[in-house]
$ cat model.cif   # mmCIF, C-alpha atoms, pLDDT in the B column; chains and numbers go by the auth columns
data_target
#
loop_
_atom_site.group_PDB
_atom_site.id
_atom_site.type_symbol
_atom_site.label_atom_id
_atom_site.label_comp_id
_atom_site.label_asym_id
_atom_site.label_seq_id
_atom_site.Cartn_x
_atom_site.Cartn_y
_atom_site.Cartn_z
_atom_site.B_iso_or_equiv
_atom_site.auth_seq_id
_atom_site.auth_asym_id
ATOM 1 C CA MET A 1 -39.303 74.826 44.630 34.00 453 A
ATOM 2 C CA ALA A 2 -36.033 76.099 46.080 33.00 454 A
ATOM 3 C CA SER A 3 -33.976 73.844 43.795 34.00 455 A
ATOM 4 C CA ILE A 4 -35.908 75.011 40.725 34.00 456 A
ATOM 5 C CA PHE A 5 -35.364 78.630 41.751 33.00 457 A
ATOM 6 C CA LEU A 6 -31.625 78.112 42.013 36.00 458 A
ATOM 7 C CA MET A 7 -31.407 76.211 38.723 38.00 459 A
ATOM 8 C CA ARG A 8 -33.142 79.069 36.940 36.00 460 A
ATOM 9 C CA GLY A 9 -30.645 81.644 38.144 43.00 461 A
ATOM 10 C CA GLY A 10 -32.250 82.526 41.452 41.00 462 A
ATOM 11 C CA TRP A 11 -28.942 82.077 43.241 40.00 463 A
ATOM 12 C CA GLY A 12 -27.362 84.554 40.893 44.00 464 A
ATOM 13 C CA LEU A 13 -30.121 87.055 41.641 41.00 465 A
ATOM 14 C CA LEU A 14 -29.666 86.615 45.387 41.00 466 A
ATOM 15 C CA ASN A 15 -25.901 86.900 45.153 46.00 467 A
ATOM 16 C CA ARG A 16 -26.003 90.020 42.982 44.00 468 A
ATOM 17 C CA SER A 17 -28.238 91.742 45.495 42.00 469 A
ATOM 18 C CA CYS A 18 -25.507 91.459 48.168 44.00 470 A
ATOM 19 C CA TYR A 19 -22.537 93.401 46.824 49.00 471 A
ATOM 20 C CA PRO A 20 -19.223 93.243 48.716 54.00 472 A
ATOM 21 C CA ASN A 21 -17.918 96.302 50.526 68.00 473 A
ATOM 22 C CA HIS A 22 -16.887 99.112 48.217 75.00 474 A
ATOM 23 C CA ALA A 23 -13.149 99.070 49.034 81.00 475 A
ATOM 24 C CA ALA A 24 -12.871 95.347 48.299 81.00 476 A
ATOM 25 C CA TYR A 25 -14.779 95.840 45.072 79.00 477 A
ATOM 26 C CA LEU A 26 -12.505 98.674 43.910 81.00 478 A
ATOM 27 C CA ASN A 27 -9.338 96.711 44.739 84.00 479 A
ATOM 28 C CA ALA A 28 -10.581 93.604 42.923 85.00 480 A
ATOM 29 C CA THR A 29 -11.680 95.673 39.921 82.00 481 A
ATOM 30 C CA SER A 30 -8.263 97.335 39.731 84.00 482 A
ATOM 31 C CA ARG A 31 -6.407 94.011 39.775 85.00 483 A
ATOM 32 C CA LEU A 32 -8.646 92.563 37.081 80.00 484 A
ATOM 33 C CA ARG A 33 -8.162 95.650 34.916 85.00 485 A
ATOM 34 C CA LYS A 34 -4.379 95.171 35.108 83.00 486 A
ATOM 35 C CA ASN A 35 -4.925 91.638 33.800 81.00 487 A
ATOM 36 C CA GLY A 36 -7.035 92.912 30.922 80.00 488 A
ATOM 37 C CA LEU A 37 -10.602 92.535 32.212 83.00 489 A
ATOM 38 C CA ILE A 38 -12.806 95.593 32.732 85.00 490 A
ATOM 39 C CA VAL A 39 -15.847 95.041 34.968 84.00 491 A
ATOM 40 C CA SER A 40 -18.710 97.532 34.971 84.00 492 A
ATOM 41 C CA ARG A 41 -21.988 97.357 36.833 77.00 493 A
ATOM 42 C CA SER A 42 -25.266 99.001 35.970 67.00 494 A
ATOM 43 C CA GLY A 43 -26.299 99.365 39.607 63.00 495 A
ATOM 44 C CA ASN A 44 -29.716 97.796 39.031 65.00 496 A
ATOM 45 C CA GLY A 45 -28.796 94.275 40.149 66.00 497 A
ATOM 46 C CA GLN A 46 -28.073 92.996 36.654 78.00 498 A
ATOM 47 C CA THR A 47 -25.106 90.824 35.731 83.00 499 A
ATOM 48 C CA PRO A 48 -21.893 92.908 35.450 85.00 500 A
ATOM 49 C CA HIS A 49 -20.634 93.751 31.981 82.00 501 A
ATOM 50 C CA LEU A 50 -17.224 92.269 31.112 85.00 502 A
ATOM 51 C CA THR A 51 -14.812 93.662 28.507 84.00 503 A
ATOM 52 C CA LEU A 52 -11.397 92.311 27.517 82.00 504 A
ATOM 53 C CA THR A 53 -8.542 94.735 26.839 83.00 505 A
ATOM 54 C CA ASP A 54 -4.872 94.413 25.936 78.00 506 A
ATOM 55 C CA ALA A 55 -3.315 93.106 29.141 69.00 507 A
ATOM 56 C CA GLY A 56 0.067 94.036 30.536 55.00 508 A
ATOM 57 C CA LYS A 57 1.142 96.420 27.777 51.00 509 A
ATOM 58 C CA ASN A 58 4.075 97.587 29.890 51.00 510 A
ATOM 59 C CA ASP A 59 5.081 94.102 31.001 56.00 511 A
ATOM 60 C CA LEU A 60 7.199 91.562 29.153 58.00 512 A
ATOM 61 C CA PRO A 61 4.936 88.590 28.360 75.00 513 A
ATOM 62 C CA ALA A 62 5.568 85.494 30.482 82.00 514 A
ATOM 63 C CA TYR A 63 6.477 83.458 27.412 83.00 515 A
ATOM 64 C CA PHE A 64 9.715 85.399 26.926 85.00 516 A
ATOM 65 C CA SER A 65 10.949 83.678 30.117 91.00 517 A
ATOM 66 C CA PRO A 66 9.053 80.379 30.017 94.00 518 A
ATOM 67 C CA GLU A 67 11.740 78.599 32.046 95.00 519 A
ATOM 68 C CA LYS A 68 10.190 80.094 35.200 93.00 520 A
ATOM 69 C CA SER A 69 6.999 78.179 34.467 94.00 521 A
ATOM 70 C CA TRP A 70 8.741 75.024 33.278 96.00 522 A
ATOM 71 C CA ARG A 71 10.835 74.873 36.456 95.00 523 A
ATOM 72 C CA ARG A 72 7.885 75.534 38.735 93.00 524 A
ATOM 73 C CA LYS A 73 7.329 72.840 41.345 93.00 525 A
ATOM 74 C CA TRP A 74 3.826 71.424 41.233 94.00 526 A
ATOM 75 C CA ASN A 75 2.089 70.175 44.361 93.00 527 A
ATOM 76 C CA GLY A 76 -0.136 67.835 42.356 95.00 528 A
ATOM 77 C CA ILE A 77 -3.288 69.887 42.899 96.00 529 A
ATOM 78 C CA TRP A 78 -5.569 70.833 40.021 97.00 530 A
ATOM 79 C CA TYR A 79 -7.682 73.962 40.382 97.00 531 A
ATOM 80 C CA MET A 80 -11.020 73.640 38.606 96.00 532 A
ATOM 81 C CA VAL A 81 -13.510 76.386 37.808 96.00 533 A
ATOM 82 C CA ILE A 82 -16.971 75.010 37.077 95.00 534 A
ATOM 83 C CA TYR A 83 -19.701 77.459 36.134 94.00 535 A
ATOM 84 C CA ASP A 84 -23.254 77.546 34.863 93.00 536 A
ATOM 85 C CA VAL A 85 -24.044 80.941 33.341 91.00 537 A
ATOM 86 C CA PRO A 86 -27.626 81.191 31.990 91.00 538 A
ATOM 87 C CA GLU A 87 -28.270 81.895 28.316 91.00 539 A
ATOM 88 C CA VAL A 88 -29.613 85.350 29.125 91.00 540 A
ATOM 89 C CA ASP A 89 -26.070 86.270 30.218 91.00 541 A
ATOM 90 C CA ARG A 90 -24.375 84.833 27.133 91.00 542 A
ATOM 91 C CA LYS A 91 -22.108 87.872 26.623 93.00 543 A
ATOM 92 C CA TYR A 92 -20.843 87.567 30.202 92.00 544 A
ATOM 93 C CA ARG A 93 -20.208 83.849 29.641 93.00 545 A
ATOM 94 C CA ASP A 94 -18.351 84.411 26.364 93.00 546 A
ATOM 95 C CA VAL A 95 -16.015 87.064 27.780 93.00 547 A
ATOM 96 C CA LEU A 96 -15.440 84.978 30.913 94.00 548 A
ATOM 97 C CA ARG A 97 -14.390 82.047 28.723 93.00 549 A
ATOM 98 C CA LEU A 98 -11.897 84.229 26.847 92.00 550 A
ATOM 99 C CA PHE A 99 -10.507 85.585 30.104 93.00 551 A
ATOM 100 C CA LEU A 100 -9.993 82.095 31.538 94.00 552 A
ATOM 101 C CA LYS A 101 -8.157 81.181 28.343 92.00 553 A
ATOM 102 C CA ARG A 102 -6.011 84.300 28.733 91.00 554 A
ATOM 103 C CA MET A 103 -5.147 82.991 32.209 92.00 555 A
ATOM 104 C CA ARG A 104 -3.821 79.894 30.362 94.00 556 A
ATOM 105 C CA MET A 105 -6.430 77.636 31.865 96.00 557 A
ATOM 106 C CA GLY A 106 -7.379 74.497 29.950 96.00 558 A
ATOM 107 C CA CYS A 107 -10.934 73.719 28.887 96.00 559 A
ATOM 108 C CA LEU A 108 -12.121 70.188 29.651 91.00 560 A
ATOM 109 C CA GLN A 109 -15.668 71.125 28.666 84.00 561 A
ATOM 110 C CA GLN A 110 -17.349 74.419 27.844 82.00 562 A
ATOM 111 C CA SER A 111 -17.949 75.139 31.523 91.00 563 A
ATOM 112 C CA VAL A 112 -15.128 73.169 33.190 94.00 564 A
ATOM 113 C CA TRP A 113 -11.675 74.776 33.211 96.00 565 A
ATOM 114 C CA VAL A 114 -8.493 73.559 34.910 97.00 566 A
ATOM 115 C CA THR A 115 -5.046 74.843 35.799 97.00 567 A
ATOM 116 C CA THR A 116 -2.026 73.875 37.897 96.00 568 A
ATOM 117 C CA GLN A 117 -1.756 77.459 39.148 94.00 569 A
ATOM 118 C CA ASP A 118 -3.264 78.445 42.479 95.00 570 A
ATOM 119 C CA ILE A 119 -5.932 80.831 41.202 94.00 571 A
ATOM 120 C CA ARG A 120 -7.775 81.343 44.475 95.00 572 A
ATOM 121 C CA PRO A 121 -6.877 85.075 44.572 94.00 573 A
ATOM 122 C CA ASP A 122 -8.034 85.508 40.952 94.00 574 A
ATOM 123 C CA PHE A 123 -11.275 83.659 41.636 94.00 575 A
ATOM 124 C CA ASP A 124 -11.869 85.832 44.688 93.00 576 A
ATOM 125 C CA ASP A 125 -11.369 88.978 42.577 92.00 577 A
ATOM 126 C CA LEU A 126 -13.783 87.685 39.936 92.00 578 A
ATOM 127 C CA SER A 127 -16.338 86.885 42.613 92.00 579 A
ATOM 128 C CA THR A 128 -15.911 90.235 44.356 90.00 580 A
ATOM 129 C CA ALA A 129 -15.861 92.465 41.286 89.00 581 A
ATOM 130 C CA ALA A 130 -17.718 90.433 38.633 89.00 582 A
ATOM 131 C CA SER A 131 -20.132 88.298 40.707 88.00 583 A
ATOM 132 C CA LEU A 132 -18.598 85.065 39.415 91.00 584 A
ATOM 133 C CA GLY A 133 -19.526 83.368 42.683 90.00 585 A
ATOM 134 C CA ALA A 134 -23.147 83.634 41.582 90.00 586 A
ATOM 135 C CA PHE A 135 -22.461 81.195 38.744 92.00 587 A
ATOM 136 C CA ALA A 136 -19.313 79.246 39.613 94.00 588 A
ATOM 137 C CA PHE A 137 -17.392 77.149 42.097 95.00 589 A
ATOM 138 C CA LEU A 138 -13.648 76.696 42.456 96.00 590 A
ATOM 139 C CA PHE A 139 -12.486 73.194 43.369 95.00 591 A
ATOM 140 C CA GLU A 140 -9.105 71.792 44.369 95.00 592 A
ATOM 141 C CA ALA A 141 -8.519 68.169 43.395 94.00 593 A
ATOM 142 C CA LYS A 142 -5.743 65.601 43.233 93.00 594 A
ATOM 143 C CA THR A 143 -7.426 63.950 40.251 89.00 595 A
ATOM 144 C CA VAL A 144 -9.804 65.223 37.570 90.00 596 A
ATOM 145 C CA LEU A 145 -12.524 62.801 36.503 82.00 597 A
ATOM 146 C CA GLY A 146 -10.227 60.002 37.654 87.00 598 A
ATOM 147 C CA LEU A 147 -7.906 60.648 34.696 89.00 599 A
ATOM 148 C CA PRO A 148 -4.104 60.436 34.932 94.00 600 A
ATOM 149 C CA ASN A 149 -2.435 63.828 34.731 95.00 601 A
ATOM 150 C CA ASN A 150 -1.171 63.347 31.167 94.00 602 A
ATOM 151 C CA ARG A 151 -4.741 62.667 29.999 94.00 603 A
ATOM 152 C CA VAL A 152 -6.008 65.801 31.745 95.00 604 A
ATOM 153 C CA VAL A 153 -3.358 67.828 29.905 96.00 605 A
ATOM 154 C CA GLU A 154 -4.216 66.244 26.544 94.00 606 A
ATOM 155 C CA GLU A 155 -7.945 66.836 27.038 94.00 607 A
ATOM 156 C CA ALA A 156 -7.714 70.386 28.384 96.00 608 A
ATOM 157 C CA TRP A 157 -5.229 71.930 25.943 96.00 609 A
ATOM 158 C CA ASN A 158 -4.922 71.563 22.173 96.00 610 A
ATOM 159 C CA PHE A 159 -1.425 70.130 22.006 96.00 611 A
ATOM 160 C CA GLY A 160 -2.038 68.761 18.531 95.00 612 A
ATOM 161 C CA ARG A 161 -2.266 72.305 17.179 96.00 613 A
ATOM 162 C CA LEU A 162 0.484 73.615 19.459 96.00 614 A
ATOM 163 C CA CYS A 163 2.970 70.934 18.373 96.00 615 A
ATOM 164 C CA LEU A 164 2.211 71.601 14.701 97.00 616 A
ATOM 165 C CA LEU A 165 2.958 75.285 15.263 97.00 617 A
ATOM 166 C CA GLN A 166 6.184 74.381 17.030 97.00 618 A
ATOM 167 C CA ASP A 167 7.261 72.041 14.229 97.00 619 A
ATOM 168 C CA ARG A 168 6.658 74.744 11.639 97.00 620 A
ATOM 169 C CA TYR A 169 8.454 77.362 13.719 97.00 621 A
ATOM 170 C CA CYS A 170 11.527 75.158 14.172 97.00 622 A
ATOM 171 C CA GLU A 171 11.654 74.389 10.457 97.00 623 A
ATOM 172 C CA VAL A 172 11.366 78.005 9.295 95.00 624 A
ATOM 173 C CA MET A 173 13.633 79.522 11.948 95.00 625 A
ATOM 174 C CA GLY A 174 16.271 76.879 11.325 95.00 626 A
ATOM 175 C CA GLU A 175 16.315 77.951 7.684 93.00 627 A
ATOM 176 C CA ASN A 176 16.505 81.633 8.627 92.00 628 A
ATOM 177 C CA ILE A 177 19.410 81.030 11.028 93.00 629 A
ATOM 178 C CA ALA A 178 21.242 79.240 8.218 92.00 630 A
ATOM 179 C CA ARG A 179 20.696 82.277 5.949 87.00 631 A
ATOM 180 C CA LEU A 180 22.053 84.585 8.634 89.00 632 A
ATOM 181 C CA GLU A 181 25.115 82.419 9.120 88.00 633 A
ATOM 182 C CA GLN A 182 25.713 82.485 5.375 88.00 634 A
ATOM 183 C CA GLY A 183 25.385 86.282 5.317 81.00 635 A
ATOM 184 C CA THR A 184 22.711 86.295 2.597 76.00 636 A
ATOM 185 C CA CYS A 185 20.273 88.696 4.341 76.00 637 A
ATOM 186 C CA SER A 186 20.305 92.386 3.426 77.00 638 A
ATOM 187 C CA ALA A 187 19.755 95.123 6.038 76.00 639 A
ATOM 188 C CA GLU A 188 16.171 95.559 4.839 78.00 640 A
ATOM 189 C CA GLU A 189 15.548 91.837 5.056 82.00 641 A
ATOM 190 C CA LEU A 190 16.854 91.815 8.622 85.00 642 A
ATOM 191 C CA GLY A 191 14.089 94.198 9.714 83.00 643 A
ATOM 192 C CA THR A 192 11.436 92.087 8.014 88.00 644 A
ATOM 193 C CA LEU A 193 12.895 88.938 9.555 89.00 645 A
ATOM 194 C CA MET A 194 12.809 90.435 13.055 89.00 646 A
ATOM 195 C CA ARG A 195 9.117 91.344 12.775 91.00 647 A
ATOM 196 C CA MET A 196 8.237 87.990 11.264 92.00 648 A
ATOM 197 C CA ALA A 197 10.201 86.086 13.906 93.00 649 A
ATOM 198 C CA LEU A 198 8.555 87.949 16.795 92.00 650 A
ATOM 199 C CA ASN A 199 5.086 87.364 15.370 93.00 651 A
ATOM 200 C CA ALA A 200 5.839 83.677 14.839 95.00 652 A
ATOM 201 C CA TYR A 201 7.210 83.292 18.359 94.00 653 A
ATOM 202 C CA HIS A 202 4.119 84.984 19.766 93.00 654 A
ATOM 203 C CA SER A 203 1.820 82.733 17.719 93.00 655 A
ATOM 204 C CA VAL A 204 3.484 79.635 19.163 94.00 656 A
ATOM 205 C CA PHE A 205 3.667 80.654 22.803 94.00 657 A
ATOM 206 C CA VAL A 206 0.366 82.489 23.094 90.00 658 A
ATOM 207 C CA GLU A 207 -1.317 79.055 23.002 89.00 659 A
ATOM 208 C CA ASP A 208 1.188 77.404 25.345 95.00 660 A
ATOM 209 C CA PRO A 209 -0.217 76.816 28.860 95.00 661 A
ATOM 210 C CA LEU A 210 3.283 77.218 30.362 96.00 662 A
ATOM 211 C CA LEU A 211 2.949 74.147 32.560 97.00 663 A
ATOM 212 C CA PRO A 212 5.579 72.569 34.804 96.00 664 A
ATOM 213 C CA MET A 213 7.765 70.589 32.404 96.00 665 A
ATOM 214 C CA LEU A 214 6.835 67.180 33.843 95.00 666 A
ATOM 215 C CA LEU A 215 3.279 67.579 32.520 96.00 667 A
ATOM 216 C CA TYR A 216 4.125 68.172 28.848 97.00 668 A
ATOM 217 C CA PRO A 217 3.682 65.443 26.207 96.00 669 A
ATOM 218 C CA SER A 218 6.827 63.863 24.773 95.00 670 A
ATOM 219 C CA ASN A 219 6.523 65.703 21.423 96.00 671 A
ATOM 220 C CA TYR A 220 6.481 69.154 23.039 97.00 672 A
ATOM 221 C CA ARG A 221 9.179 71.370 21.487 97.00 673 A
ATOM 222 C CA GLY A 222 8.856 74.560 23.500 97.00 674 A
ATOM 223 C CA VAL A 223 12.442 74.385 24.737 97.00 675 A
ATOM 224 C CA GLU A 224 13.697 74.093 21.165 98.00 676 A
ATOM 225 C CA VAL A 225 11.512 76.995 20.051 97.00 677 A
ATOM 226 C CA LEU A 226 12.945 79.188 22.820 97.00 678 A
ATOM 227 C CA SER A 227 16.508 78.179 21.941 97.00 679 A
ATOM 228 C CA LEU A 228 16.002 78.948 18.240 97.00 680 A
ATOM 229 C CA HIS A 229 14.332 82.276 19.061 96.00 681 A
ATOM 230 C CA ARG A 230 17.294 83.387 21.144 95.00 682 A
ATOM 231 C CA LYS A 231 19.842 82.090 18.664 95.00 683 A
ATOM 232 C CA LEU A 232 18.093 83.876 15.787 93.00 684 A
ATOM 233 C CA PHE A 233 18.114 87.233 17.543 91.00 685 A
ATOM 234 C CA SER A 234 21.705 86.732 18.626 92.00 686 A
ATOM 235 C CA LYS A 235 22.624 86.282 14.957 89.00 687 A
ATOM 236 C CA ILE A 236 20.571 89.353 14.003 88.00 688 A
ATOM 237 C CA ASN A 237 22.353 91.435 16.647 85.00 689 A
ATOM 238 C CA GLU A 238 25.701 90.371 15.199 83.00 690 A
ATOM 239 C CA ARG A 239 24.629 91.840 11.856 76.00 691 A
ATOM 240 C CA LEU A 240 23.332 95.144 13.216 72.00 692 A
#
$ encode --input "model.cif" --output "structure tokens"
Amino acid sequence: MASIFLMRGGWGLLNRSCYPNHAAYLNATSRLRKNGLIVSRSGNGQTPHLTLTDAGKNDLPAYFSPEKSWRRKWNGIWYMVIYDVPEVDRKYRDVLRLFLKRMRMGCLQQSVWVTTQDIRPDFDDLSTAASLGAFAFLFEAKTVLGLPNNRVVEEAWNFGRLCLLQDRYCEVMGENIARLEQGTCSAEELGTLMRMALNAYHSVFVEDPLLPMLLYPSNYRGVEVLSLHRKLFSKINERL
């Protein structure tokens, strides 16, 4: 009977009835809010309500300095979040999935997410403020499903789509740099080009997991994208 109770969400009910101390809850909630996740509780023991917001509006996105991530030394440990959120809490599950993606975690399955980053503090905040511990476990592992690391990367992140975006970006920005070097852009066109280039750069890197470089597939062109982005804006600055 105990196992049936837990499978049907009984563990979640028990866990939600034992809230952490108020100071820890407030601190965890504040940190999550800074990362773009608002947690609110009804006070009646129900699953917390999660809402995504624009994260880090005053911070420069990590993908403007991706070298920090590419150069990061990796200790070979994968961090895996495995959860089982019942259907009755579908909204919680959907927002959680989007938040894990925002954290640049890769999805092996709908409820199995992986990252090379040590997310123990983030998981603790989610457990403290959003009761994630009622539904999930965080594992550390040297291997994932017995797969080699390159297979884990290929399965967890959509590099097919990412590489297509990178190819297109390199093609278009190469053409735009050539136009700038030839001096064929008007002042009005420069403004349009700047907005277009920033949006394109964002579209490419927003889906990039920013892994240590040794884990990327051979057709990854992130370094070239970054180089073209900087060269393009250097050329634009010369014209302003």
$ residues_around --input "model.cif" --residues "Ser679 (chain A)" --least-positions-apart "6" --cutoff "12 Å" --atoms "only C-alpha atoms" --output "list in words"
Phe516, Ser517, Pro518, Glu519, Tyr621, Cys622, Met625, Gly626, Ile629, Tyr653, Arg673, Phe685 and Ser686 of chain A
$ write_last_selection --input "model.cif" --atoms "C-alpha atoms" --output "short mmCIF file (atom, residue, chain, number, x, y, z; two decimals), keeping the file's coordinate frame"
data_model
loop_
_atom_site.label_atom_id
_atom_site.label_comp_id
_atom_site.auth_asym_id
_atom_site.auth_seq_id
_atom_site.Cartn_x
_atom_site.Cartn_y
_atom_site.Cartn_z
CA PHE A 516 9.72 85.40 26.93
CA SER A 517 10.95 83.68 30.12
CA PRO A 518 9.05 80.38 30.02
CA GLU A 519 11.74 78.60 32.05
CA TYR A 621 8.45 77.36 13.72
CA CYS A 622 11.53 75.16 14.17
CA MET A 625 13.63 79.52 11.95
CA GLY A 626 16.27 76.88 11.32
CA ILE A 629 19.41 81.03 11.03
CA TYR A 653 7.21 83.29 18.36
CA ARG A 673 9.18 71.37 21.49
CA PHE A 685 18.11 87.23 17.54
CA SER A 686 21.70 86.73 18.63
#
$ residues_around --input "model.cif" --residues "Gly674 (chain A)" --least-positions-apart "4" --cutoff "9 Å" --atoms "all atoms listed in the file" --output "mmCIF file with C-alpha atoms, in the coordinates of the input"
data_model
loop_
_atom_site.group_PDB
_atom_site.id
_atom_site.type_symbol
_atom_site.label_atom_id
_atom_site.label_comp_id
_atom_site.auth_asym_id
_atom_site.auth_seq_id
_atom_site.Cartn_x
_atom_site.Cartn_y
_atom_site.Cartn_z
ATOM 1 C CA PRO A 518 9.053 80.379 30.017
ATOM 2 C CA CYS A 615 2.970 70.934 18.373
ATOM 3 C CA GLN A 618 6.184 74.381 17.030
ATOM 4 C CA VAL A 656 3.484 79.635 19.163
ATOM 5 C CA PHE A 657 3.667 80.654 22.803
ATOM 6 C CA ASP A 660 1.188 77.404 25.345
ATOM 7 C CA LEU A 678 12.945 79.188 22.820
ATOM 8 C CA SER A 679 16.508 78.179 21.941
#
$ atom_distance --input "model.cif" --atom1 "CA of Glu606 (chain A)" --atom2 "CA of Phe551 (chain A)"
20.6 Å
$ residues_around --input "model.cif" --residues "Tyr668 (chain A)" --least-positions-apart "3" --cutoff "9 Å" --atoms "only C-alpha atoms" --output "PyMOL selection string"
chain A and resi 602+605-606+663-665+671-672
$ resolve_selection --input "model.cif" --expression "the PyMOL selection byres ((chain A and resi 476) around 12)" --output "short mmCIF file (atom, residue, chain, number, x, y, z; two decimals) with C-alpha atoms, keeping the file's coordinate frame"
data_model
loop_
_atom_site.label_atom_id
_atom_site.label_comp_id
_atom_site.auth_asym_id
_atom_site.auth_seq_id
_atom_site.Cartn_x
_atom_site.Cartn_y
_atom_site.Cartn_z
CA TYR A 471 -22.54 93.40 46.82
CA PRO A 472 -19.22 93.24 48.72
CA ASN A 473 -17.92 96.30 50.53
CA HIS A 474 -16.89 99.11 48.22
CA ALA A 475 -13.15 99.07 49.03
CA TYR A 477 -14.78 95.84 45.07
CA LEU A 478 -12.50 98.67 43.91
CA ASN A 479 -9.34 96.71 44.74
CA ALA A 480 -10.58 93.60 42.92
CA THR A 481 -11.68 95.67 39.92
CA SER A 482 -8.26 97.34 39.73
CA ARG A 483 -6.41 94.01 39.78
CA ASP A 576 -11.87 85.83 44.69
CA ASP A 577 -11.37 88.98 42.58
CA LEU A 578 -13.78 87.68 39.94
CA SER A 579 -16.34 86.88 42.61
CA THR A 580 -15.91 90.24 44.36
CA ALA A 581 -15.86 92.46 41.29
CA ALA A 582 -17.72 90.43 38.63
#
$ build_atoms --input "model.cif" --residues "region 481-487 of chain A" --atoms "all heavy atoms" --output "CSV table (one decimal), keeping the file's coordinate frame"
chain,number,residue,atom,x,y,z
A,481,THR,N,-11.5,95.1,41.3
A,481,THR,CA,-11.7,95.7,39.9
A,481,THR,C,-10.4,96.2,39.3
A,481,THR,O,-10.1,96.0,38.2
A,481,THR,CB,-12.7,96.8,40.0
A,481,THR,OG1,-13.9,96.4,40.5
A,481,THR,CG2,-12.9,97.4,38.6
A,482,SER,N,-9.6,96.8,40.2
A,482,SER,CA,-8.3,97.3,39.7
A,482,SER,C,-7.3,96.2,39.3
A,482,SER,O,-6.7,96.3,38.3
A,482,SER,CB,-7.6,98.2,40.9
A,482,SER,OG,-6.3,98.6,40.5
A,483,ARG,N,-7.3,95.1,40.1
A,483,ARG,CA,-6.4,94.0,39.8
A,483,ARG,C,-6.9,93.3,38.5
A,483,ARG,O,-6.0,93.0,37.6
A,483,ARG,CB,-6.4,93.0,40.9
A,483,ARG,CG,-5.6,93.5,42.1
A,483,ARG,CD,-5.4,92.4,43.1
A,483,ARG,NE,-6.6,92.0,43.8
A,483,ARG,CZ,-7.1,92.5,44.9
A,483,ARG,NH1,-6.3,93.5,45.6
A,483,ARG,NH2,-8.2,92.1,45.5
A,484,LEU,N,-8.1,93.2,38.3
A,484,LEU,CA,-8.6,92.6,37.1
A,484,LEU,C,-8.3,93.4,35.9
A,484,LEU,O,-8.0,92.9,34.8
A,484,LEU,CB,-10.2,92.3,37.2
A,484,LEU,CG,-10.6,91.2,38.2
A,484,LEU,CD1,-12.1,91.2,38.3
A,484,LEU,CD2,-10.1,89.9,37.7
A,485,ARG,N,-8.5,94.7,36.0
A,485,ARG,CA,-8.2,95.6,34.9
A,485,ARG,C,-6.7,95.5,34.5
A,485,ARG,O,-6.4,95.5,33.3
A,485,ARG,CB,-8.5,97.1,35.3
A,485,ARG,CG,-8.2,98.1,34.2
A,485,ARG,CD,-8.5,99.5,34.7
A,485,ARG,NE,-9.9,99.8,35.0
A,485,ARG,CZ,-10.7,100.2,34.1
A,485,ARG,NH1,-10.3,100.6,32.9
A,485,ARG,NH2,-12.0,100.5,34.5
A,486,LYS,N,-5.8,95.3,35.4
A,486,LYS,CA,-4.4,95.2,35.1
A,486,LYS,C,-4.2,93.9,34.3
A,486,LYS,O,-3.2,93.8,33.5
A,486,LYS,CB,-3.5,95.1,36.4
A,486,LYS,CG,-3.4,96.5,37.1
A,486,LYS,CD,-2.6,96.4,38.3
A,486,LYS,CE,-2.5,97.8,39.0
A,486,LYS,NZ,-1.7,97.7,40.3
A,487,ASN,N,-5.0,92.9,34.5
A,487,ASN,CA,-4.9,91.6,33.8
A,487,ASN,C,-5.8,91.6,32.5
A,487,ASN,O,-5.9,90.6,31.9
A,487,ASN,CB,-5.4,90.5,34.7
A,487,ASN,CG,-4.3,90.2,35.8
A,487,ASN,OD1,-3.1,90.3,35.5
A,487,ASN,ND2,-4.8,89.8,36.9
